[in-house]
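*Asks:* The structure under discussion is supplied below as structure tokens; questions concerning it will follow.
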Amino acid sequence: MDIRLSKTAARTLAKSDKRDLIRDKLRQLAAEPLALSANVKKLQDRSDYRLRVQNWRVIFRLEGDVLWVDEIMPRGSGYE
């Protein structure tokens with residue numbers, strides 16, 4: 001499965017102190033989605049999902065064989 005990041009997500013990931021951990025979790029999610037099922041949740045009233053990585057949240061969606069990462073944010077900053 002391919003992983004694609006939005007410009008905003010890529011910028012946030014580059015600045016994050018947990019970038020290596022987040023990248024590893026995204027690769028793990030792309031390779032075997034059920035492995036991280038305890039940390040993945042479908043968002044209400046949206047077609048997106050949320051991945052928990054310590055105090056960071058990754059908002060993503062699946063389209064065919066592509067995992068689109070729309071946003072990466074610190075916990076508590078809100079889902080807009």
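Just remember, in the structure tokens the first chain shown is A, the second B, etc., residues are 1-based per chain, and ligands are 1-based in the order shown.
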If you run DSSP on the backbone here, which positions in chain A get strand (DSSP E)? Please write them as a list of chain:residue names.
*Replies:*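 The residues of chain A classed as strand (DSSP E) are A:Asp2, A:Ile3, A:Arg4, A:Leu5, A:Val40, A:Lys41, A:Lys42, A:Tyr49, A:Arg50, A:Leu51, A:Arg52, A:Val53, A:Trp56, A:Arg57, A:Val58, A:Ile59, A:Phe60, A:Arg61, A:Leu62, A:Glu63, A:Val66, A:Leu67, A:Trp68, A:Val69, A:Asp70, A:Glu71, A:Ile72, A:Met73, A:Pro74.
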*Asks:* Could those residues be written to a file, using C-alpha atoms, as an mmCIF file, in the first residue's frame?
*Replies:*
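Saved file selection_34.cif follows:
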```cif
data_model
loop_
_atom_site.group_PDB
_atom_site.id
_atom_site.type_symbol
_atom_site.label_atom_id
_atom_site.label_comp_id
_atom_site.auth_asym_id
_atom_site.auth_seq_id
_atom_site.Cartn_x
_atom_site.Cartn_y
_atom_site.Cartn_z
ATOM 1 C CA ASP A 2 1.252 3.466 -0.923
ATOM 2 C CA ILE A 3 1.475 6.229 1.717
ATOM 3 C CA ARG A 4 0.857 9.807 0.589
ATOM 4 C CA LEU A 5 0.994 12.879 2.808
ATOM 5 C CA VAL A 40 -7.156 3.271 15.007
ATOM 6 C CA LYS A 41 -10.645 4.713 15.244
ATOM 7 C CA LYS A 42 -13.148 5.818 12.600
ATOM 8 C CA TYR A 49 -9.752 7.513 10.557
ATOM 9 C CA ARG A 50 -7.510 8.514 13.441
ATOM 10 C CA LEU A 51 -4.258 6.791 14.398
ATOM 11 C CA ARG A 52 -2.853 7.372 17.887
ATOM 12 C CA VAL A 53 0.931 7.624 18.146
ATOM 13 C CA TRP A 56 0.194 12.681 18.332
ATOM 14 C CA ARG A 57 -2.845 12.039 16.149
ATOM 15 C CA VAL A 58 -2.706 11.115 12.472
ATOM 16 C CA ILE A 59 -5.862 11.692 10.426
ATOM 17 C CA PHE A 60 -5.961 9.459 7.354
ATOM 18 C CA ARG A 61 -8.250 7.874 4.796
ATOM 19 C CA LEU A 62 -7.980 4.800 2.625
ATOM 20 C CA GLU A 63 -8.652 4.989 -1.102
ATOM 21 C CA VAL A 66 -3.379 4.383 -1.132
ATOM 22 C CA LEU A 67 -3.241 5.557 2.480
ATOM 23 C CA TRP A 68 -3.763 9.339 2.385
ATOM 24 C CA VAL A 69 -2.481 11.187 5.450
ATOM 25 C CA ASP A 70 -4.455 14.429 5.659
ATOM 26 C CA GLU A 71 -3.248 15.791 8.967
ATOM 27 C CA ILE A 72 -0.778 15.142 11.784
ATOM 28 C CA MET A 73 -1.373 17.038 15.007
ATOM 29 C CA PRO A 74 -0.589 16.983 18.713
#
```
*Asks:* Looking only at alpha helix (DSSP H) from DSSP on the backbone, list the matching residues of chain A as a list in words.
*Replies:* Lys7, Thr8, Ala9, Ala10, Arg11, Thr12, Leu13, Ala14, Lys15, Arg19, Asp20, Leu21, Ile22, Arg23, Asp24, Lys25, Leu26, Arg27, Gln28, Leu29, Ala30 and Ala31 of chain A
*Asks:* Please provide the set of residues having any atom within 10 Å of Lys18 in chain A, restricted to only C-alpha atoms, with same-chain residues fewer than 4 positions apart removed, written as number ranges by chain.
*Replies:* A: 13-14, 22-23, 53-56
*Asks:* Provide the CA of Leu34 in chain A to CA of Ala10 in chain A distance in Å, to one decimal place.
*Replies:*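 CA of Ala10 in chain A lies 24.3 Å from CA of Leu34 in chain A.
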*Asks:* By how many Å are CA of Leu26 in chain A and CA of Met1 in chain A apart?
*Replies:* 10.5 Å
